[in-house]
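Trainee: Dropping in model.tsv, with TSV, C-alpha atoms.
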```tsv
chain	number	residue	atom	x	y	z
O	14	MET	CA	-188.20	118.77	-95.53
O	15	SER	CA	-189.16	119.89	-92.04
O	16	SER	CA	-190.90	123.25	-91.75
O	17	THR	CA	-188.06	124.35	-89.50
O	18	GLU	CA	-185.44	123.81	-92.17
O	19	LEU	CA	-184.08	126.61	-94.29
O	20	PRO	CA	-184.65	126.06	-98.01
O	21	SER	CA	-181.72	124.60	-99.87
O	22	VAL	CA	-179.80	126.98	-102.07
O	23	ALA	CA	-178.39	125.50	-105.25
O	24	ALA	CA	-174.85	126.66	-105.93
O	25	ALA	CA	-175.35	126.92	-109.67
O	26	ASN	CA	-178.12	129.50	-109.29
O	27	VAL	CA	-176.64	131.88	-106.74
O	28	LEU	CA	-173.38	133.15	-108.12
O	29	PRO	CA	-173.95	136.88	-108.60
O	30	LYS	CA	-171.43	139.30	-109.99
O	31	VAL	CA	-169.55	140.59	-106.98
O	32	ALA	CA	-166.17	142.17	-106.37
O	33	PRO	CA	-163.20	139.79	-106.61
O	34	VAL	CA	-161.78	138.28	-103.44
O	35	ARG	CA	-158.68	140.00	-102.13
O	36	VAL	CA	-155.39	138.19	-102.70
O	37	GLU	CA	-152.36	139.24	-100.68
O	38	GLU	CA	-148.98	139.67	-102.33
O	39	GLY	CA	-147.44	136.26	-102.91
O	40	GLU	CA	-150.76	134.40	-102.68
O	41	ARG	CA	-152.69	132.55	-105.36
O	42	LEU	CA	-156.34	131.52	-105.66
O	43	ARG	CA	-157.74	128.59	-107.58
O	44	SER	CA	-161.04	126.77	-107.76
O	45	VAL	CA	-161.27	123.01	-107.26
O	46	GLY	CA	-164.36	121.12	-108.37
O	47	LEU	CA	-165.20	117.97	-106.40
O	48	PRO	CA	-168.35	115.82	-106.27
O	49	GLY	CA	-171.06	118.00	-104.73
O	50	ILE	CA	-168.82	120.93	-103.84
O	51	THR	CA	-166.56	123.55	-105.38
O	52	LEU	CA	-163.80	124.88	-103.15
O	53	THR	CA	-161.65	127.98	-103.47
O	54	VAL	CA	-158.10	127.30	-102.37
O	55	ARG	CA	-155.72	130.05	-101.28
O	56	SER	CA	-152.06	129.08	-101.47
O	57	ARG	CA	-148.74	130.65	-100.76
O	58	PRO	CA	-145.75	129.09	-102.54
O	59	PRO	CA	-143.18	127.84	-100.01
O	60	GLU	CA	-139.73	129.33	-99.78
O	61	ARG	CA	-138.29	126.14	-101.27
O	62	GLU	CA	-139.36	122.78	-102.59
O	63	GLY	CA	-139.78	119.72	-100.44
O	64	LEU	CA	-141.57	121.29	-97.48
O	65	ALA	CA	-144.39	119.32	-95.88
O	66	PRO	CA	-147.93	120.44	-96.83
O	67	ALA	CA	-150.22	122.37	-94.48
O	68	LEU	CA	-153.94	123.07	-94.67
O	69	TYR	CA	-155.81	125.87	-92.86
O	70	ILE	CA	-159.54	125.86	-92.03
O	71	HIS	CA	-161.38	129.04	-90.95
O	72	GLY	CA	-164.25	129.56	-88.53
O	73	LEU	CA	-167.88	130.65	-88.77
O	74	GLY	CA	-168.23	133.77	-90.91
O	75	GLY	CA	-164.55	133.64	-91.82
O	76	SER	CA	-162.62	132.67	-94.92
O	77	SER	CA	-159.20	131.59	-96.06
O	78	GLN	CA	-158.11	135.23	-95.71
O	79	ASN	CA	-158.09	134.74	-91.94
O	80	TRP	CA	-154.89	132.73	-92.35
O	81	SER	CA	-152.94	135.06	-94.65
O	82	ALA	CA	-150.80	136.56	-91.89
O	83	LEU	CA	-149.83	133.19	-90.40
O	84	MET	CA	-149.25	131.64	-93.82
O	85	ALA	CA	-146.70	134.37	-94.55
O	86	GLU	CA	-144.98	133.72	-91.21
O	87	VAL	CA	-144.55	129.97	-91.77
O	88	GLU	CA	-143.81	129.88	-95.50
O	89	GLY	CA	-140.29	128.70	-94.66
O	90	LEU	CA	-141.66	125.78	-92.66
O	91	VAL	CA	-144.55	124.36	-94.70
O	92	ASP	CA	-146.19	124.39	-98.12
O	93	GLY	CA	-149.45	126.05	-97.12
O	94	GLU	CA	-152.98	126.09	-98.51
O	95	ALA	CA	-156.15	127.51	-96.95
O	96	LEU	CA	-159.69	126.47	-97.88
O	97	ASP	CA	-162.83	128.53	-98.18
O	98	LEU	CA	-165.37	126.10	-96.75
O	99	PRO	CA	-168.54	125.59	-98.84
O	100	GLY	CA	-170.70	128.73	-98.68
O	101	PHE	CA	-167.90	130.91	-97.28
O	102	GLY	CA	-165.24	133.12	-98.81
O	103	ASP	CA	-165.31	132.50	-102.55
O	104	SER	CA	-166.68	128.93	-102.38
O	105	PRO	CA	-170.30	128.47	-103.46
O	106	PRO	CA	-172.76	126.53	-101.27
O	107	PRO	CA	-172.59	122.72	-101.25
O	108	ASP	CA	-175.07	121.00	-103.54
O	109	ASP	CA	-176.69	119.14	-100.65
O	110	GLY	CA	-176.94	122.17	-98.33
O	111	ASP	CA	-175.04	120.30	-95.58
O	112	TYR	CA	-173.33	122.85	-93.33
O	113	SER	CA	-172.93	120.56	-90.33
O	114	VAL	CA	-169.53	120.10	-88.69
O	115	THR	CA	-169.49	116.64	-90.22
O	116	GLY	CA	-170.41	118.08	-93.62
O	117	HIS	CA	-167.53	120.57	-93.45
O	118	ALA	CA	-165.18	117.82	-92.26
O	119	ARG	CA	-166.28	115.70	-95.20
O	120	ALA	CA	-165.38	118.57	-97.55
O	121	VAL	CA	-161.89	118.80	-96.02
O	122	ILE	CA	-161.36	115.05	-96.30
O	123	ARG	CA	-162.68	115.04	-99.86
O	124	TYR	CA	-160.20	117.75	-100.82
O	125	LEU	CA	-157.24	116.01	-99.15
O	126	ASP	CA	-158.08	112.69	-100.76
O	127	ALA	CA	-158.48	114.27	-104.20
O	128	SER	CA	-155.34	116.41	-103.98
O	129	GLY	CA	-153.15	113.66	-102.56
O	130	ARG	CA	-151.44	116.18	-100.26
O	131	GLY	CA	-152.00	114.27	-97.04
O	132	PRO	CA	-150.77	113.83	-94.45
O	133	VAL	CA	-150.74	117.57	-93.73
O	134	HIS	CA	-150.09	119.90	-90.85
O	135	LEU	CA	-153.73	120.75	-90.18
O	136	PHE	CA	-154.85	124.08	-88.66
O	137	GLY	CA	-158.32	125.13	-87.51
O	138	ASN	CA	-159.85	128.17	-85.82
O	139	SER	CA	-163.17	128.24	-83.94
O	140	MET	CA	-165.69	126.22	-85.98
O	141	GLY	CA	-162.74	125.17	-88.12
O	142	GLY	CA	-161.15	123.78	-84.96
O	143	ALA	CA	-164.15	121.51	-84.42
O	144	VAL	CA	-164.03	120.50	-88.09
O	145	VAL	CA	-160.36	119.52	-88.09
O	146	THR	CA	-160.71	117.74	-84.73
O	147	ARG	CA	-163.27	115.50	-86.40
O	148	VAL	CA	-160.99	115.04	-89.43
O	149	ALA	CA	-158.02	114.08	-87.24
O	150	ALA	CA	-160.15	111.62	-85.26
O	151	VAL	CA	-161.67	109.76	-88.20
O	152	ARG	CA	-158.77	110.04	-90.68
O	153	PRO	CA	-155.50	110.04	-88.73
O	154	ASP	CA	-153.69	109.07	-91.92
O	155	LEU	CA	-154.32	112.59	-93.26
O	156	VAL	CA	-152.79	114.51	-90.34
O	157	ARG	CA	-149.16	115.13	-89.36
O	158	THR	CA	-149.81	117.66	-86.62
O	159	LEU	CA	-152.90	119.52	-85.46
O	160	THR	CA	-152.96	123.22	-84.48
O	161	LEU	CA	-156.18	124.51	-82.92
O	162	VAL	CA	-156.77	128.21	-82.31
O	163	SER	CA	-159.75	128.75	-79.97
O	164	PRO	CA	-161.47	125.56	-81.17
O	165	ALA	CA	-165.27	125.47	-80.86
O	166	LEU	CA	-165.55	122.45	-78.59
O	167	PRO	CA	-168.62	121.92	-76.37
O	168	GLU	CA	-168.92	124.05	-73.25
O	169	ILE	CA	-171.54	123.76	-70.50
O	170	PHE	CA	-171.46	127.47	-69.74
O	171	ILE	CA	-170.92	129.28	-73.03
O	172	GLN	CA	-169.40	132.72	-73.30
O	173	ARG	CA	-171.84	135.63	-73.40
O	174	GLY	CA	-170.39	136.65	-76.77
O	175	ALA	CA	-171.34	133.26	-78.22
O	176	VAL	CA	-175.04	133.57	-77.36
O	177	PRO	CA	-175.96	135.34	-80.65
O	178	THR	CA	-174.44	132.42	-82.56
O	179	GLY	CA	-176.78	130.07	-80.73
O	180	PHE	CA	-179.76	132.29	-81.53
O	181	LEU	CA	-178.68	132.47	-85.17
O	182	ALA	CA	-179.15	128.71	-85.34
O	183	LEU	CA	-182.85	129.04	-84.54
O	184	PRO	CA	-185.27	128.94	-87.49
O	185	GLY	CA	-186.23	132.41	-88.69
O	186	VAL	CA	-183.68	134.33	-86.62
O	187	ALA	CA	-181.35	134.96	-89.56
O	188	ALA	CA	-184.20	136.61	-91.48
O	189	LEU	CA	-185.14	138.71	-88.45
O	190	PHE	CA	-181.56	139.78	-87.90
O	191	THR	CA	-181.19	140.69	-91.57
O	192	ARG	CA	-184.20	142.98	-91.34
O	193	TYR	CA	-183.11	144.45	-88.01
O	194	THR	CA	-179.62	145.30	-89.31
O	195	GLN	CA	-180.72	146.42	-92.76
O	196	GLY	CA	-179.56	149.97	-92.08
O	197	TRP	CA	-176.15	148.98	-90.74
O	198	THR	CA	-173.20	149.98	-92.88
O	199	ALA	CA	-170.39	147.60	-93.71
O	200	GLU	CA	-168.14	149.68	-91.45
O	201	GLN	CA	-170.50	149.21	-88.51
O	202	ARG	CA	-170.68	145.48	-89.10
O	203	VAL	CA	-166.89	145.14	-89.31
O	204	ARG	CA	-166.36	147.15	-86.13
O	205	ALA	CA	-168.85	144.89	-84.32
O	206	VAL	CA	-167.09	141.74	-85.56
O	207	MET	CA	-163.65	143.04	-84.61
O	208	ALA	CA	-164.85	144.11	-81.16
O	209	LEU	CA	-166.12	140.56	-80.66
O	210	CYS	CA	-163.19	138.64	-82.13
O	211	TYR	CA	-160.10	140.67	-81.25
O	212	GLY	CA	-158.58	141.05	-77.82
O	213	ASP	CA	-157.58	144.55	-78.88
O	214	PRO	CA	-159.30	145.85	-82.03
O	215	GLY	CA	-156.80	148.70	-82.03
O	216	ARG	CA	-154.20	146.28	-83.38
O	217	VAL	CA	-156.01	146.28	-86.73
O	218	THR	CA	-154.27	148.65	-89.15
O	219	PRO	CA	-156.26	151.22	-91.15
O	220	GLU	CA	-155.47	149.24	-94.30
O	221	GLY	CA	-156.62	146.02	-92.64
O	222	PHE	CA	-159.88	147.68	-91.62
O	223	ARG	CA	-160.51	148.98	-95.15
O	224	ASN	CA	-159.84	145.54	-96.58
O	225	ALA	CA	-162.26	143.98	-94.08
O	226	VAL	CA	-164.96	146.50	-95.03
O	227	GLU	CA	-164.51	145.69	-98.72
O	228	GLU	CA	-164.82	141.99	-97.98
O	229	MET	CA	-167.93	142.57	-95.86
O	230	GLU	CA	-169.53	144.54	-98.69
O	231	ARG	CA	-168.76	141.70	-101.09
O	232	ARG	CA	-170.22	139.04	-98.80
O	233	LEU	CA	-173.43	140.95	-98.17
O	234	ARG	CA	-174.12	140.86	-101.93
O	235	LEU	CA	-174.09	137.05	-101.88
O	236	PRO	CA	-177.69	135.82	-101.63
O	237	TYR	CA	-176.63	132.72	-99.69
O	238	PHE	CA	-174.52	134.55	-97.09
O	239	TRP	CA	-177.04	134.41	-94.22
O	240	ASP	CA	-178.19	130.93	-95.18
O	241	ALA	CA	-174.62	129.62	-94.87
O	242	MET	CA	-174.16	131.44	-91.57
O	243	ALA	CA	-177.41	130.16	-90.06
O	244	ARG	CA	-176.96	126.57	-91.20
O	245	SER	CA	-173.33	126.45	-90.00
O	246	ALA	CA	-174.33	127.96	-86.64
O	247	ARG	CA	-176.98	125.25	-86.37
O	248	GLY	CA	-174.32	122.70	-87.25
O	249	ILE	CA	-172.15	123.86	-84.34
O	250	VAL	CA	-175.07	123.73	-81.90
O	251	ASN	CA	-176.00	120.23	-83.11
O	252	ALA	CA	-172.38	119.07	-82.76
O	253	TYR	CA	-172.37	120.31	-79.16
O	254	THR	CA	-175.33	118.03	-78.35
O	255	LEU	CA	-173.90	114.84	-79.81
O	256	GLY	CA	-172.80	112.21	-77.33
O	257	GLY	CA	-171.02	108.88	-77.53
O	258	GLN	CA	-168.31	108.26	-80.08
O	259	HIS	CA	-169.53	111.16	-82.23
O	260	GLY	CA	-169.13	113.72	-79.45
O	261	LEU	CA	-166.37	116.22	-80.13
O	262	TRP	CA	-164.65	115.70	-76.78
O	263	ARG	CA	-164.67	111.94	-77.31
O	264	GLN	CA	-163.19	112.49	-80.75
O	265	ALA	CA	-160.55	114.82	-79.29
O	266	GLU	CA	-159.43	111.91	-77.11
O	267	ARG	CA	-159.02	109.79	-80.24
O	268	VAL	CA	-156.66	112.23	-81.98
O	269	LEU	CA	-153.23	110.66	-82.35
O	270	SER	CA	-151.32	113.53	-83.94
O	271	PRO	CA	-149.20	115.96	-81.89
O	272	THR	CA	-151.45	118.92	-81.12
O	273	LEU	CA	-150.80	122.61	-80.44
O	274	LEU	CA	-153.63	124.36	-78.57
O	275	VAL	CA	-153.82	128.17	-78.65
O	276	TYR	CA	-156.23	130.06	-76.37
O	277	GLY	CA	-156.72	133.79	-75.86
O	278	GLY	CA	-157.34	135.31	-72.45
O	279	ARG	CA	-159.72	137.90	-73.93
O	280	ASP	CA	-161.67	135.47	-76.10
O	281	GLN	CA	-165.37	136.37	-75.95
O	282	LEU	CA	-166.53	133.33	-77.93
O	283	VAL	CA	-164.53	130.36	-76.57
O	284	SER	CA	-163.87	130.34	-72.85
O	285	PHE	CA	-160.26	130.64	-71.76
O	286	ARG	CA	-161.18	128.14	-69.04
O	287	MET	CA	-161.49	125.41	-71.68
O	288	ALA	CA	-157.74	125.45	-72.33
O	289	GLN	CA	-156.93	123.06	-69.50
O	290	ARG	CA	-159.71	120.65	-70.42
O	291	ALA	CA	-158.49	120.61	-74.02
O	292	SER	CA	-154.90	119.99	-72.95
O	293	ARG	CA	-156.08	116.92	-71.01
O	294	ALA	CA	-158.34	115.65	-73.80
O	295	PHE	CA	-155.78	115.72	-76.62
O	296	ARG	CA	-153.32	113.02	-75.67
O	297	ASP	CA	-150.17	114.60	-77.18
O	298	SER	CA	-150.84	118.29	-76.66
O	299	ARG	CA	-148.92	121.50	-76.10
O	300	LEU	CA	-150.74	124.52	-74.74
O	301	LEU	CA	-150.05	128.15	-75.57
O	302	THR	CA	-152.13	130.72	-73.70
O	303	LEU	CA	-152.04	134.37	-74.77
O	304	PRO	CA	-153.63	136.60	-72.10
O	305	GLU	CA	-154.04	139.60	-74.42
O	306	ALA	CA	-155.40	137.70	-77.43
O	307	GLY	CA	-159.02	137.28	-78.43
O	308	HIS	CA	-160.66	134.66	-80.63
O	309	VAL	CA	-158.33	134.91	-83.64
O	310	ALA	CA	-154.81	134.74	-82.23
O	311	MET	CA	-153.39	133.75	-85.63
O	312	MET	CA	-154.54	137.16	-86.92
O	313	GLU	CA	-153.62	139.18	-83.84
O	314	TYR	CA	-150.27	137.55	-83.03
O	315	PRO	CA	-149.20	135.54	-86.09
O	316	GLU	CA	-145.53	135.74	-85.15
O	317	VAL	CA	-146.19	134.21	-81.72
O	318	VAL	CA	-148.34	131.41	-83.12
O	319	SER	CA	-145.72	130.82	-85.80
O	320	THR	CA	-143.00	130.43	-83.18
O	321	ALA	CA	-145.10	127.98	-81.18
O	322	PHE	CA	-145.77	125.98	-84.35
O	323	ARG	CA	-142.06	125.95	-85.15
O	324	GLU	CA	-141.38	124.54	-81.69
O	325	LEU	CA	-144.07	121.90	-82.23
O	326	LEU	CA	-142.24	120.84	-85.39
O	327	ALA	CA	-138.93	120.76	-83.54
O	328	ASP	CA	-140.41	118.69	-80.69
O	329	THR	CA	-141.86	116.15	-83.11
O	330	GLY	CA	-138.90	115.91	-85.50
O	331	GLU	CA	-140.86	117.62	-88.29
O	332	LEU	CA	-138.80	120.81	-88.45
O	333	PRO	CA	-137.33	121.11	-91.97
O	334	GLY	CA	-133.64	121.79	-92.49
O	335	ARG	CA	-132.56	125.29	-93.45
O	336	ALA	CA	-130.55	126.22	-96.49
O	337	ASP	CA	-128.08	128.07	-94.28
O	338	GLY	CA	-127.81	125.58	-91.45
O	339	PRO	CA	-128.13	121.98	-90.26
O	340	GLU	CA	-131.37	120.04	-89.99
O	341	GLY	CA	-133.58	121.25	-87.18
O	342	ARG	CA	-131.86	124.61	-86.70
O	343	HIS	CA	-134.15	127.47	-85.71
O	344	ASP	CA	-133.94	130.89	-84.16
O	345	GLY	CA	-134.76	129.77	-80.63
O	346	ARG	CA	-137.42	132.40	-79.96
O	347	GLY	CA	-140.03	131.51	-77.32
O	348	ALA	CA	-143.73	131.57	-78.00
O	349	GLY	CA	-144.16	135.10	-76.76
O	350	ASP	CA	-143.11	136.89	-73.60
O	351	GLY	CA	-143.91	134.85	-70.53
O	352	ALA	CA	-144.42	131.56	-72.38
O	353	VAL	CA	-142.70	128.66	-70.68
O	354	PRO	CA	-142.83	124.89	-71.25
O	355	ASP	CA	-144.37	122.71	-68.57
O	356	LYS	CA	-142.92	119.39	-67.44
O	357	GLY	CA	-145.05	117.41	-69.84
O	358	GLY	CA	-143.64	119.10	-72.90
O	359	SER	CA	-146.68	121.29	-73.42
O	360	ARG	CA	-146.50	125.06	-73.32
O	361	LYS	CA	-148.22	127.35	-70.89
O	362	ASN	CA	-148.14	131.09	-70.53
O	363	ASP	CA	-147.21	133.00	-67.41
O	364	GLU	CA	-150.37	134.98	-66.64
O	365	SER	CA	-148.25	138.00	-65.79
O	366	GLY	CA	-146.73	138.06	-69.29
O	367	THR	CA	-148.18	139.76	-72.33
O	368	ALA	CA	-147.41	137.06	-74.90
O	369	GLY	CA	-145.58	139.56	-77.05
O	370	ALA	CA	-148.53	141.59	-77.00
O	371	GLY	CA	-158.60	139.01	-87.36
O	372	SER	CA	-164.05	135.09	-87.61
```
Can the structure from this file be put into structure tokens for me?
Mentor:
Amino acid sequence: MSSTELPSVAAANVLPKVAPVRVEEGERLRSVGLPGITLTVRSRPPEREGLAPALYIHGLGGSSQNWSALMAEVEGLVDGEALDLPGFGDSPPPDDGDYSVTGHARAVIRYLDASGRGPVHLFGNSMGGAVVTRVAAVRPDLVRTLTLVSPALPEIFIQRGAVPTGFLALPGVAALFTRYTQGWTAEQRVRAVMALCYGDPGRVTPEGFRNAVEEMERRLRLPYFWDAMARSARGIVNAYTLGGQHGLWRQAERVLSPTLLVYGGRDQLVSFRMAQRASRAFRDSRLLTLPEAGHVAMMEYPEVVSTAFRELLADTGELPGRADGPEGRHDGRGAGDGAVPDKGGSRKNDESGTAGAGS
């Protein structure tokens, strides 16, 4: 092992007694053991049987809880599950300590192969967007549609808010940051995260803030928390430097599935300017831009993202029939105020609109 590598943390030895993970009304949690990894899966039973499966993948420092609001919005459209990636949420670290984008993608593929649920409607946010882009490129047989919310794809000029993530990837920085922030309360940490990730932190309800604080307190008791964060941050940085067929932009060009791209105008981590490049890279893409949203549009505006996803299903013939109407019927709502389709079938947002307006 290189002297610059963090020591591996064995999952079997680092499972302390911590508070249980929060489960929203209507949700279920289960643990799935696979070779080398154990994954916690959050599911929400669909409104009826026969709906196509969906799988949601969170970003750096996030968990399956990041998708609860959107899962509730689309429960009439898909049979949804959200993963806690290895080392995040309620999933223990991977046995091999691999937190690279490829390692996380391998975990997603391993789960889909073992569960037999593919092909799925695949969702990803931030780091999760990079992960599912890789999955869709190398295993197109597992993906029906792809929905990317502020995907962490390589940028030449990164956002100022993303600089700390890059520093976190450096050897020793996680330990320094832990010591520096030792006196920070969970409330302070949550406020800092929300200020970074939300376009308007004021949209978070008091109950949502309390729940986030409880989750932060739980995570800080996990001895592998900072190790997982640092290694995953390093994985993102390494993925940004890859060229050739393994480069994320090259893999985006290989994605065959219809793709919905969602970008926030107030995103401090992924540049809003990358929206147009992404819409050109993904060959069958639709673009939804939300000027008031930050980095986690599916948490800030789940109803808008849900509507855009519904329209993606309608455009691609994947929209399920309704019990009270013919196949393909839907409510006809647009993807937020000011959202209009362009001539290529993608969606763009009028910059003067507000788009109807948690990583």
Trainee: Measuring between all atoms listed in the file, which one of O:Thr320, O:Thr146, O:Thr272, O:Thr198 shows the shortest distance to O:His259?
Mentor: O:Thr146
Trainee: Using only C-alpha atoms, which of O:Arg41, O:Arg296, O:Arg286, O:Arg35 sits nearest O:Glu168?
Mentor: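 The shortest atom-to-atom distance to O:Glu168 comes from O:Arg286.
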Trainee: Give me the residues near O:Thr254 as a ChimeraX atom specification, where near means some atom within 12 Å (using only C-alpha atoms) and where sequence neighbours in that chain fewer than 6 positions away do not count.
Mentor: /O:166-169,247-248,260-262
Trainee: Taking all atoms listed in the file into account, which of O:Asp280, O:Asp240, O:Asp213, O:Glu40 comes nearest O:Val54?
Mentor: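 Of the candidates, the smallest distance to O:Val54 is held by O:Glu40.
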Trainee: What does the distance between atom CA of O:Gly142 and atom CA of O:Leu161 come to in Å, to one decimal place?
Mentor: 5.4 Å
Trainee: Ranking O:Glu331, O:Gly89, O:Leu326, O:Gln195 by minimum distance to O:Leu233 and counting all atoms listed in the file, which one comes first?
Mentor: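 Of the candidates, the smallest distance to O:Leu233 is held by O:Gln195.
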Trainee: Figure out the distance between atom CA of O:Pro271 and atom CA of O:Asp297, please, to one decimal in Å.
Mentor: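 Taking atom CA of O:Asp297 and atom CA of O:Pro271, their separation equals 5.0 Å.
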Trainee: Can you tell me how far atom CA of O:Arg279 sits from atom CA of O:Met207, in Å to one decimal?
Mentor: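 So the answer is 12.5 Å.
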Trainee: Name the closest residue to O:Thr160 among the candidates O:Ile249, O:Leu42, O:Ala327, O:Val275; distances are taken between atoms, counting only C-alpha atoms.
Mentor: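 For O:Thr160, the nearest of the given residues is O:Val275.
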Trainee: Please determine, counting only C-alpha atoms, which residue among O:Ala252, O:Cys210, O:Ala118, O:Ala143 has the shortest atom-to-atom distance to O:Ala291.
Mentor: O:Ala143
Trainee: What's around O:Met229 at 10 Å? Count only C-alpha atoms, leave out sequence neighbours fewer than 3 positions away in its own chain, and write the answer as a PyMOL selection string.
Mentor: chain O and resi 198-200+202-203+223-226+232-234
Trainee: Keeping C-alpha atoms, export the residues of the selection given above as a PDB file, keeping the file's coordinate frame.
Mentor:
```pdb
ATOM      1  CA  THR O 198    -173.200 149.980 -92.880  1.00  0.00           C
ATOM      2  CA  ALA O 199    -170.390 147.600 -93.710  1.00  0.00           C
ATOM      3  CA  GLU O 200    -168.140 149.680 -91.450  1.00  0.00           C
ATOM      4  CA  ARG O 202    -170.680 145.480 -89.100  1.00  0.00           C
ATOM      5  CA  VAL O 203    -166.890 145.140 -89.310  1.00  0.00           C
ATOM      6  CA  ARG O 223    -160.510 148.980 -95.150  1.00  0.00           C
ATOM      7  CA  ASN O 224    -159.840 145.540 -96.580  1.00  0.00           C
ATOM      8  CA  ALA O 225    -162.260 143.980 -94.080  1.00  0.00           C
ATOM      9  CA  VAL O 226    -164.960 146.500 -95.030  1.00  0.00           C
ATOM     10  CA  ARG O 232    -170.220 139.040 -98.800  1.00  0.00           C
ATOM     11  CA  LEU O 233    -173.430 140.950 -98.170  1.00  0.00           C
ATOM     12  CA  ARG O 234    -174.120 140.860-101.930  1.00  0.00           C
TER      13      ARG O 234
END
```
Trainee: Any idea what's packed within 8 Å of O:Gly277, counting all atoms listed in the file, ignoring anything in its chain fewer than 3 positions away? Could you give it as a ChimeraX atom specification?
Mentor: /O:163,212,280,285,302-308,310
Trainee: Could you give me, as an NGL selection string, the residues within 10 Å of O:Gly46, counting only C-alpha atoms and dropping anything in the same chain fewer than 5 positions from it?
Mentor: :O and (51-53 or 124 or 127)
Trainee: Give me the residues near stretch 69-80 of chain O as number ranges by chain, where near means some atom within 9 Å (using all atoms listed in the file) and where sequence neighbours in that chain fewer than 5 positions away do not count.
Mentor: O: 35-37, 53-55, 85, 93-98, 101-103, 121, 134-142, 144-145, 164-165, 238, 241-242, 245-246, 309, 311-312, 315, 371-372
Trainee: Would you mind exporting the chosen residues as a PDB file, keeping the file's coordinate frame, restricted to C-alpha atoms?
Mentor:
```pdb
ATOM      1  CA  ARG O  35    -158.680 140.000-102.130  1.00  0.00           C
ATOM      2  CA  VAL O  36    -155.390 138.190-102.700  1.00  0.00           C
ATOM      3  CA  GLU O  37    -152.360 139.240-100.680  1.00  0.00           C
ATOM      4  CA  THR O  53    -161.650 127.980-103.470  1.00  0.00           C
ATOM      5  CA  VAL O  54    -158.100 127.300-102.370  1.00  0.00           C
ATOM      6  CA  ARG O  55    -155.720 130.050-101.280  1.00  0.00           C
ATOM      7  CA  ALA O  85    -146.700 134.370 -94.550  1.00  0.00           C
ATOM      8  CA  GLY O  93    -149.450 126.050 -97.120  1.00  0.00           C
ATOM      9  CA  GLU O  94    -152.980 126.090 -98.510  1.00  0.00           C
ATOM     10  CA  ALA O  95    -156.150 127.510 -96.950  1.00  0.00           C
ATOM     11  CA  LEU O  96    -159.690 126.470 -97.880  1.00  0.00           C
ATOM     12  CA  ASP O  97    -162.830 128.530 -98.180  1.00  0.00           C
ATOM     13  CA  LEU O  98    -165.370 126.100 -96.750  1.00  0.00           C
ATOM     14  CA  PHE O 101    -167.900 130.910 -97.280  1.00  0.00           C
ATOM     15  CA  GLY O 102    -165.240 133.120 -98.810  1.00  0.00           C
ATOM     16  CA  ASP O 103    -165.310 132.500-102.550  1.00  0.00           C
ATOM     17  CA  VAL O 121    -161.890 118.800 -96.020  1.00  0.00           C
ATOM     18  CA  HIS O 134    -150.090 119.900 -90.850  1.00  0.00           C
ATOM     19  CA  LEU O 135    -153.730 120.750 -90.180  1.00  0.00           C
ATOM     20  CA  PHE O 136    -154.850 124.080 -88.660  1.00  0.00           C
ATOM     21  CA  GLY O 137    -158.320 125.130 -87.510  1.00  0.00           C
ATOM     22  CA  ASN O 138    -159.850 128.170 -85.820  1.00  0.00           C
ATOM     23  CA  SER O 139    -163.170 128.240 -83.940  1.00  0.00           C
ATOM     24  CA  MET O 140    -165.690 126.220 -85.980  1.00  0.00           C
ATOM     25  CA  GLY O 141    -162.740 125.170 -88.120  1.00  0.00           C
ATOM     26  CA  GLY O 142    -161.150 123.780 -84.960  1.00  0.00           C
ATOM     27  CA  VAL O 144    -164.030 120.500 -88.090  1.00  0.00           C
ATOM     28  CA  VAL O 145    -160.360 119.520 -88.090  1.00  0.00           C
ATOM     29  CA  PRO O 164    -161.470 125.560 -81.170  1.00  0.00           C
ATOM     30  CA  ALA O 165    -165.270 125.470 -80.860  1.00  0.00           C
ATOM     31  CA  PHE O 238    -174.520 134.550 -97.090  1.00  0.00           C
ATOM     32  CA  ALA O 241    -174.620 129.620 -94.870  1.00  0.00           C
ATOM     33  CA  MET O 242    -174.160 131.440 -91.570  1.00  0.00           C
ATOM     34  CA  SER O 245    -173.330 126.450 -90.000  1.00  0.00           C
ATOM     35  CA  ALA O 246    -174.330 127.960 -86.640  1.00  0.00           C
ATOM     36  CA  VAL O 309    -158.330 134.910 -83.640  1.00  0.00           C
ATOM     37  CA  MET O 311    -153.390 133.750 -85.630  1.00  0.00           C
ATOM     38  CA  MET O 312    -154.540 137.160 -86.920  1.00  0.00           C
ATOM     39  CA  PRO O 315    -149.200 135.540 -86.090  1.00  0.00           C
ATOM     40  CA  GLY O 371    -158.600 139.010 -87.360  1.00  0.00           C
ATOM     41  CA  SER O 372    -164.050 135.090 -87.610  1.00  0.00           C
TER      42      SER O 372
END
```
